[in-house]
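In what follows, a structure is listed as structure tokens, so that the remarks can point back to it.
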Amino acid sequence: MIDSAKVLVTGGAGYIGSHMVLALMDAGYSPLVLDDFSTGHQQLVPPDVPVIRGDVGDRDVTDRLFALHDIEAVVHFAASIVVSESVANPMKYYLNNTLTTARLIAACIDAGVGRLIFSSTAAVYGNQEKTLLDEDVACYPKSPYGKSKLMSEQILHDASQAHDLSYIILRYFNVAGADPAGRAGQLSKPATHLIKVAVELATGQREAMQVFGTDYPTDDGTCIRDYIHISDLIAAHLAALDHLLKGGEPLTLNCGYGSGSSVHQVLEAVERISGTKLNVEMAPRRAGDAATLVSDATRLRNQLGWQPAHDNLDSIVRSALAWERRQLS
């Protein structure tokens, strides 16, 4: 690690970005946050972290930022992330995700900032025949969200081939939970992630929730996802940053545990841990949802030496529930 290296975190006032900021500080880096606060929250950013309020795709903003700060690396989280919304409003996703990322990459190249970690998604895979998805599986994203991220990945790859730019693409599976120390968690309103919605219901913040689709080709008919604790995901980012700062080659890596839980299994865990019976309504499938998304994260473990510390659905649910209760106290 380069001591006190300055790292720009786009979307650093959001759920995942704010956890990254905390981890960077814990590890001795000097983070800066760039966020337009369209979905971010100032309270998630520590008061001593510099915050630039602006659009990641605005070259005036990024050019000035890179001119004023000696940035060693960029961790790019800022994006729109709701699959169903992307189906209803695809242009928002191609503009806010793909175009904005292309502009950020161009700004990095022009400023000589040669290291970038990109927040991607398992949604790039779409529906697959394989049970475990490795990074070499052909990508057939079903939603504009997944397509916008895959396009961004290709732009980053092509830019790296032509310029002095190294990168790591991290394809997230389903991120959940909260900082074990209670410093950050999900504040999204309205919530769209299953565990967040379920713990809101368990803590009396909503009257009911829906399960979208009970006729998928899975054991209980509901979607199966590979849930990864936010702290383990951020540990992968720190390992990726260390790799790039040491001159490591570009990589594309899955972030998950290699095991899946169905929607029904998640809801059972929330009920058991919270001691609350959930009012759940069955609803039709949502457009763009794949039946099963489970990672093969062997490459992440082997290439970066990543070892998860919270590989347990109950641990994820407990941290999410503790965060939710803390917000209500």
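Residues in the structure tokens are numbered from 1 in each chain, the chains being A, B, ... in the order shown, and ligands are numbered from 1 in the order shown.
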
Fewer than 4 positions away in the same chain doesn't count, so skip those; otherwise give me all residues within 12 Å of Ile105 of chain A, counting only C-alpha atoms, as an MDAnalysis selection string. chainID A and resid 56:59 62:63 73:76 98:101 109:118 152:160 163:167

If you run DSSP on the backbone, which residues of segment 5-234 of chain A are strand (DSSP E), as a JSON list (two decimals) with C-alpha atoms, in the first residue's frame?
```
[["chain", "number", "residue", "atom", "x", "y", "z"],
["A", 6, "LYS", "CA", -5.56, 9.70, -2.03],
["A", 7, "VAL", "CA", -8.44, 7.64, -3.38],
["A", 8, "LEU", "CA", -11.49, 9.17, -5.06],
["A", 9, "VAL", "CA", -14.73, 7.38, -4.21],
["A", 10, "THR", "CA", -17.58, 8.21, -6.57],
["A", 30, "SER", "CA", -7.05, 9.41, 2.36],
["A", 31, "PRO", "CA", -10.48, 9.14, 0.69],
["A", 32, "LEU", "CA", -12.31, 11.91, -1.15],
["A", 33, "VAL", "CA", -15.99, 11.62, -2.02],
["A", 34, "LEU", "CA", -17.65, 12.74, -5.24],
["A", 35, "ASP", "CA", -21.44, 12.45, -5.05],
["A", 51, "VAL", "CA", -16.83, 15.86, -0.13],
["A", 52, "ILE", "CA", -17.23, 17.27, -3.63],
["A", 53, "ARG", "CA", -20.89, 17.68, -4.55],
["A", 71, "ILE", "CA", -5.45, 11.18, -6.87],
["A", 72, "GLU", "CA", -3.77, 7.77, -6.92],
["A", 73, "ALA", "CA", -6.85, 5.72, -7.76],
["A", 74, "VAL", "CA", -10.59, 5.94, -8.35],
["A", 75, "VAL", "CA", -13.23, 3.58, -6.98],
["A", 76, "HIS", "CA", -16.37, 4.10, -9.06],
["A", 115, "ARG", "CA", -5.95, 3.01, -11.59],
["A", 116, "LEU", "CA", -9.70, 2.43, -11.45],
["A", 117, "ILE", "CA", -11.90, -0.07, -9.61],
["A", 118, "PHE", "CA", -15.31, -0.47, -11.25],
["A", 119, "SER", "CA", -18.46, -1.52, -9.45],
["A", 120, "SER", "CA", -20.18, -4.01, -11.76],
["A", 121, "THR", "CA", -22.84, -6.64, -11.23],
["A", 166, "SER", "CA", -5.18, -0.40, -15.15],
["A", 167, "TYR", "CA", -8.45, -1.56, -13.65],
["A", 168, "ILE", "CA", -10.27, -4.18, -11.66],
["A", 169, "ILE", "CA", -13.90, -4.93, -12.44],
["A", 170, "LEU", "CA", -15.76, -6.39, -9.48],
["A", 171, "ARG", "CA", -19.01, -8.13, -10.37],
["A", 172, "TYR", "CA", -21.16, -8.02, -7.25],
["A", 174, "ASN", "CA", -26.29, -9.59, -3.85],
["A", 175, "VAL", "CA", -24.78, -7.19, -1.33],
["A", 176, "ALA", "CA", -26.49, -6.89, 2.06],
["A", 209, "MET", "CA", -43.92, -6.82, 1.35],
["A", 210, "GLN", "CA", -44.18, -8.73, -1.90],
["A", 211, "VAL", "CA", -42.39, -11.79, -3.23],
["A", 212, "PHE", "CA", -42.04, -11.38, -6.98],
["A", 224, "ILE", "CA", -31.96, -17.77, -5.66],
["A", 225, "ARG", "CA", -29.21, -15.25, -5.05],
["A", 227, "TYR", "CA", -25.82, -12.83, -0.73],
["A", 228, "ILE", "CA", -22.50, -11.28, 0.29],
["A", 229, "HIS", "CA", -21.94, -9.23, 3.45]]
```

Proximity to Gly28 of chain A - best of A:Ala322, A:Val199, A:Leu238, A:Met91, only C-alpha atoms: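 Checking each candidate against Gly28 of chain A, we get A:Leu238 as the closest.
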
List every residue of segment 85-325 of chain A that DSSP, applied to the backbone of this structure, places in helix (DSSP H, G or I), and write the result as a PDB file with C-alpha atoms, in the first residue's frame.
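What ended up in selection_22.pdb:
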```
ATOM      1  CA  GLU A  85     -36.629   0.705 -13.130  1.00  0.00           C
ATOM      2  CA  SER A  86     -34.070   0.080 -15.862  1.00  0.00           C
ATOM      3  CA  VAL A  87     -36.660  -1.907 -17.812  1.00  0.00           C
ATOM      4  CA  ALA A  88     -39.180   0.931 -17.509  1.00  0.00           C
ATOM      5  CA  PRO A  90     -33.678   2.309 -20.038  1.00  0.00           C
ATOM      6  CA  MET A  91     -32.310   5.660 -21.183  1.00  0.00           C
ATOM      7  CA  LYS A  92     -31.748   6.744 -17.594  1.00  0.00           C
ATOM      8  CA  TYR A  93     -29.454   3.751 -17.166  1.00  0.00           C
ATOM      9  CA  TYR A  94     -27.515   4.155 -20.394  1.00  0.00           C
ATOM     10  CA  LEU A  95     -27.008   7.854 -19.655  1.00  0.00           C
ATOM     11  CA  ASN A  96     -26.344   7.642 -15.914  1.00  0.00           C
ATOM     12  CA  ASN A  97     -24.318   4.424 -15.966  1.00  0.00           C
ATOM     13  CA  THR A  98     -22.661   3.882 -19.329  1.00  0.00           C
ATOM     14  CA  LEU A  99     -22.192   7.445 -20.563  1.00  0.00           C
ATOM     15  CA  THR A 100     -21.186   8.770 -17.151  1.00  0.00           C
ATOM     16  CA  THR A 101     -18.635   5.982 -16.723  1.00  0.00           C
ATOM     17  CA  ALA A 102     -17.175   6.690 -20.166  1.00  0.00           C
ATOM     18  CA  ARG A 103     -16.763  10.353 -19.240  1.00  0.00           C
ATOM     19  CA  LEU A 104     -15.120   9.455 -15.928  1.00  0.00           C
ATOM     20  CA  ILE A 105     -12.695   7.102 -17.674  1.00  0.00           C
ATOM     21  CA  ALA A 106     -11.820   9.827 -20.176  1.00  0.00           C
ATOM     22  CA  ALA A 107     -11.204  12.272 -17.312  1.00  0.00           C
ATOM     23  CA  CYS A 108      -8.905   9.756 -15.608  1.00  0.00           C
ATOM     24  CA  ILE A 109      -6.924   9.246 -18.805  1.00  0.00           C
ATOM     25  CA  ASP A 110      -6.554  12.974 -19.436  1.00  0.00           C
ATOM     26  CA  ALA A 111      -5.449  13.579 -15.835  1.00  0.00           C
ATOM     27  CA  ALA A 122     -23.801 -10.271 -11.644  1.00  0.00           C
ATOM     28  CA  ALA A 123     -26.701  -8.945 -13.721  1.00  0.00           C
ATOM     29  CA  VAL A 124     -24.283  -8.951 -16.689  1.00  0.00           C
ATOM     30  CA  PRO A 144     -30.882  -2.485 -19.324  1.00  0.00           C
ATOM     31  CA  TYR A 145     -29.178  -2.225 -15.923  1.00  0.00           C
ATOM     32  CA  GLY A 146     -27.057  -5.292 -16.648  1.00  0.00           C
ATOM     33  CA  LYS A 147     -26.444  -4.152 -20.208  1.00  0.00           C
ATOM     34  CA  SER A 148     -25.368  -0.678 -19.072  1.00  0.00           C
ATOM     35  CA  LYS A 149     -22.796  -2.212 -16.737  1.00  0.00           C
ATOM     36  CA  LEU A 150     -21.500  -4.655 -19.349  1.00  0.00           C
ATOM     37  CA  MET A 151     -21.087  -1.792 -21.837  1.00  0.00           C
ATOM     38  CA  SER A 152     -19.139   0.122 -19.186  1.00  0.00           C
ATOM     39  CA  GLU A 153     -16.895  -2.888 -18.645  1.00  0.00           C
ATOM     40  CA  GLN A 154     -16.128  -3.025 -22.373  1.00  0.00           C
ATOM     41  CA  ILE A 155     -15.334   0.688 -22.500  1.00  0.00           C
ATOM     42  CA  LEU A 156     -12.955   0.271 -19.561  1.00  0.00           C
ATOM     43  CA  HIS A 157     -11.248  -2.703 -21.216  1.00  0.00           C
ATOM     44  CA  ASP A 158     -10.807  -0.866 -24.516  1.00  0.00           C
ATOM     45  CA  ALA A 159      -9.529   2.279 -22.798  1.00  0.00           C
ATOM     46  CA  SER A 160      -6.989   0.213 -20.875  1.00  0.00           C
ATOM     47  CA  GLN A 161      -5.725  -1.341 -24.106  1.00  0.00           C
ATOM     48  CA  ALA A 162      -5.075   2.099 -25.586  1.00  0.00           C
ATOM     49  CA  LEU A 194     -34.772  -7.956  -0.378  1.00  0.00           C
ATOM     50  CA  ILE A 195     -33.029  -8.078   3.004  1.00  0.00           C
ATOM     51  CA  LYS A 196     -33.406  -4.330   3.516  1.00  0.00           C
ATOM     52  CA  VAL A 197     -37.130  -4.522   2.716  1.00  0.00           C
ATOM     53  CA  ALA A 198     -37.588  -7.523   4.993  1.00  0.00           C
ATOM     54  CA  VAL A 199     -35.882  -5.929   8.007  1.00  0.00           C
ATOM     55  CA  GLU A 200     -37.921  -2.759   7.468  1.00  0.00           C
ATOM     56  CA  LEU A 201     -41.024  -4.931   7.679  1.00  0.00           C
ATOM     57  CA  ALA A 202     -39.699  -6.717  10.750  1.00  0.00           C
ATOM     58  CA  ILE A 230     -21.004  -5.629   2.724  1.00  0.00           C
ATOM     59  CA  SER A 231     -17.840  -5.931   4.840  1.00  0.00           C
ATOM     60  CA  ASP A 232     -16.579  -8.872   2.787  1.00  0.00           C
ATOM     61  CA  LEU A 233     -17.346  -7.002  -0.422  1.00  0.00           C
ATOM     62  CA  ILE A 234     -15.364  -4.002   0.783  1.00  0.00           C
ATOM     63  CA  ALA A 235     -12.476  -6.270   1.794  1.00  0.00           C
ATOM     64  CA  ALA A 236     -12.378  -7.353  -1.862  1.00  0.00           C
ATOM     65  CA  HIS A 237     -12.131  -3.688  -2.892  1.00  0.00           C
ATOM     66  CA  LEU A 238      -9.233  -3.058  -0.530  1.00  0.00           C
ATOM     67  CA  ALA A 239      -7.432  -6.092  -1.915  1.00  0.00           C
ATOM     68  CA  ALA A 240      -8.121  -4.833  -5.445  1.00  0.00           C
ATOM     69  CA  LEU A 241      -6.748  -1.397  -4.584  1.00  0.00           C
ATOM     70  CA  ASP A 242      -3.600  -2.890  -3.101  1.00  0.00           C
ATOM     71  CA  HIS A 243      -3.172  -4.985  -6.270  1.00  0.00           C
ATOM     72  CA  LEU A 244      -3.423  -1.926  -8.525  1.00  0.00           C
ATOM     73  CA  LEU A 245      -1.159   0.263  -6.402  1.00  0.00           C
ATOM     74  CA  VAL A 263     -36.239 -15.555  -1.290  1.00  0.00           C
ATOM     75  CA  HIS A 264     -38.187 -17.850   1.026  1.00  0.00           C
ATOM     76  CA  GLN A 265     -34.991 -18.829   2.871  1.00  0.00           C
ATOM     77  CA  VAL A 266     -34.072 -15.184   3.388  1.00  0.00           C
ATOM     78  CA  LEU A 267     -37.514 -14.354   4.754  1.00  0.00           C
ATOM     79  CA  GLU A 268     -37.371 -17.343   7.108  1.00  0.00           C
ATOM     80  CA  ALA A 269     -34.032 -16.104   8.436  1.00  0.00           C
ATOM     81  CA  VAL A 270     -35.398 -12.598   9.009  1.00  0.00           C
ATOM     82  CA  GLU A 271     -38.438 -13.991  10.841  1.00  0.00           C
ATOM     83  CA  ARG A 272     -36.338 -16.271  13.026  1.00  0.00           C
ATOM     84  CA  ILE A 273     -33.715 -13.669  13.943  1.00  0.00           C
ATOM     85  CA  SER A 274     -36.142 -10.788  14.458  1.00  0.00           C
ATOM     86  CA  THR A 298     -12.371 -18.782  -7.029  1.00  0.00           C
ATOM     87  CA  ARG A 299     -10.498 -16.200  -9.059  1.00  0.00           C
ATOM     88  CA  LEU A 300     -11.036 -13.495  -6.422  1.00  0.00           C
ATOM     89  CA  ARG A 301      -9.658 -15.786  -3.728  1.00  0.00           C
ATOM     90  CA  ASN A 302      -6.704 -16.937  -5.808  1.00  0.00           C
ATOM     91  CA  GLN A 303      -5.732 -13.663  -7.489  1.00  0.00           C
ATOM     92  CA  LEU A 304      -6.188 -11.301  -4.527  1.00  0.00           C
ATOM     93  CA  LEU A 313     -26.846 -15.583   5.865  1.00  0.00           C
ATOM     94  CA  ASP A 314     -27.708 -15.188   9.552  1.00  0.00           C
ATOM     95  CA  SER A 315     -24.704 -12.886  10.060  1.00  0.00           C
ATOM     96  CA  ILE A 316     -25.842 -10.724   7.158  1.00  0.00           C
ATOM     97  CA  VAL A 317     -29.406 -10.521   8.451  1.00  0.00           C
ATOM     98  CA  ARG A 318     -28.311  -9.756  12.021  1.00  0.00           C
ATOM     99  CA  SER A 319     -26.154  -6.821  10.920  1.00  0.00           C
ATOM    100  CA  ALA A 320     -28.914  -5.450   8.674  1.00  0.00           C
ATOM    101  CA  LEU A 321     -31.464  -5.770  11.481  1.00  0.00           C
ATOM    102  CA  ALA A 322     -29.149  -4.150  14.021  1.00  0.00           C
ATOM    103  CA  TRP A 323     -28.604  -1.198  11.675  1.00  0.00           C
ATOM    104  CA  GLU A 324     -32.340  -0.805  11.095  1.00  0.00           C
ATOM    105  CA  ARG A 325     -33.105  -0.871  14.799  1.00  0.00           C
TER     106      ARG A 325
END
```

Please provide the set of residues having any atom within 9 Å of Arg286 of chain A, restricted to only C-alpha atoms, with same-chain residues fewer than 4 positions apart removed, written as a tab-separated table (two decimals) with C-alpha atoms, in the first residue's frame.
```tsv
chain	number	residue	atom	x	y	z
A	83	VAL	CA	-33.36	-3.63	-12.37
A	84	SER	CA	-37.11	-3.05	-12.72
A	212	PHE	CA	-42.04	-11.38	-6.98
A	213	GLY	CA	-42.45	-14.75	-8.64
```

Mind giving me the straight-line distance from atom CA of Thr214 of chain A to atom CA of Gly126 of chain A in Å, one decimal?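 Answer for the atom CA of Thr214 of chain A to atom CA of Gly126 of chain A separation: 18.6 Å.
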
Interatomic distance (Å, one decimal) between atom CA of Ala13 of chain A and atom CA of Cys223 of chain A: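 We find that atom CA of Ala13 of chain A and atom CA of Cys223 of chain A lie 29.6 Å from each other.
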
Please, what distance in Å, to one decimal, runs between atom CA of Ala283 of chain A and atom CA of Thr192 of chain A? 14.9 Å

When you look at segment 257-260 of chain A with a cut-off of 9 Å (counting only C-alpha atoms), what residues show up, excluding the ones that are within fewer than 2 positions of it in the same chain? I need them as a PDB file with C-alpha atoms, in the first residue's frame.
```
ATOM      1  CA  LEU A 132     -21.967 -21.557 -10.542  1.00  0.00           C
ATOM      2  CA  LEU A 133     -21.036 -18.607 -12.721  1.00  0.00           C
ATOM      3  CA  PHE A 173     -23.691 -10.647  -6.475  1.00  0.00           C
ATOM      4  CA  ILE A 224     -31.959 -17.769  -5.663  1.00  0.00           C
ATOM      5  CA  ARG A 225     -29.212 -15.251  -5.046  1.00  0.00           C
ATOM      6  CA  ASP A 226     -25.674 -15.298  -3.647  1.00  0.00           C
ATOM      7  CA  TYR A 227     -25.817 -12.831  -0.731  1.00  0.00           C
ATOM      8  CA  ILE A 228     -22.495 -11.277   0.290  1.00  0.00           C
ATOM      9  CA  CYS A 255     -17.712 -11.074  -5.572  1.00  0.00           C
ATOM     10  CA  SER A 262     -33.857 -18.397  -2.057  1.00  0.00           C
ATOM     11  CA  THR A 292     -30.579 -18.112 -10.160  1.00  0.00           C
ATOM     12  CA  LEU A 293     -27.397 -16.063  -9.754  1.00  0.00           C
ATOM     13  CA  VAL A 294     -24.623 -17.753  -7.755  1.00  0.00           C
ATOM     14  CA  SER A 295     -20.948 -16.914  -8.065  1.00  0.00           C
ATOM     15  CA  ASP A 296     -17.815 -18.883  -8.587  1.00  0.00           C
ATOM     16  CA  ALA A 297     -15.422 -16.532  -6.769  1.00  0.00           C
ATOM     17  CA  THR A 298     -12.371 -18.782  -7.029  1.00  0.00           C
ATOM     18  CA  PRO A 308     -14.498 -13.734   3.598  1.00  0.00           C
ATOM     19  CA  ASP A 311     -19.980 -15.995   4.979  1.00  0.00           C
TER      20      ASP A 311
END
```

Given only C-alpha atoms as the basis, pick out the residue of A:Asp179, A:Thr276, A:Asp48, A:Gln128 nearest to Tyr140 of chain A.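 Selected residue with least distance to Tyr140 of chain A: A:Gln128.
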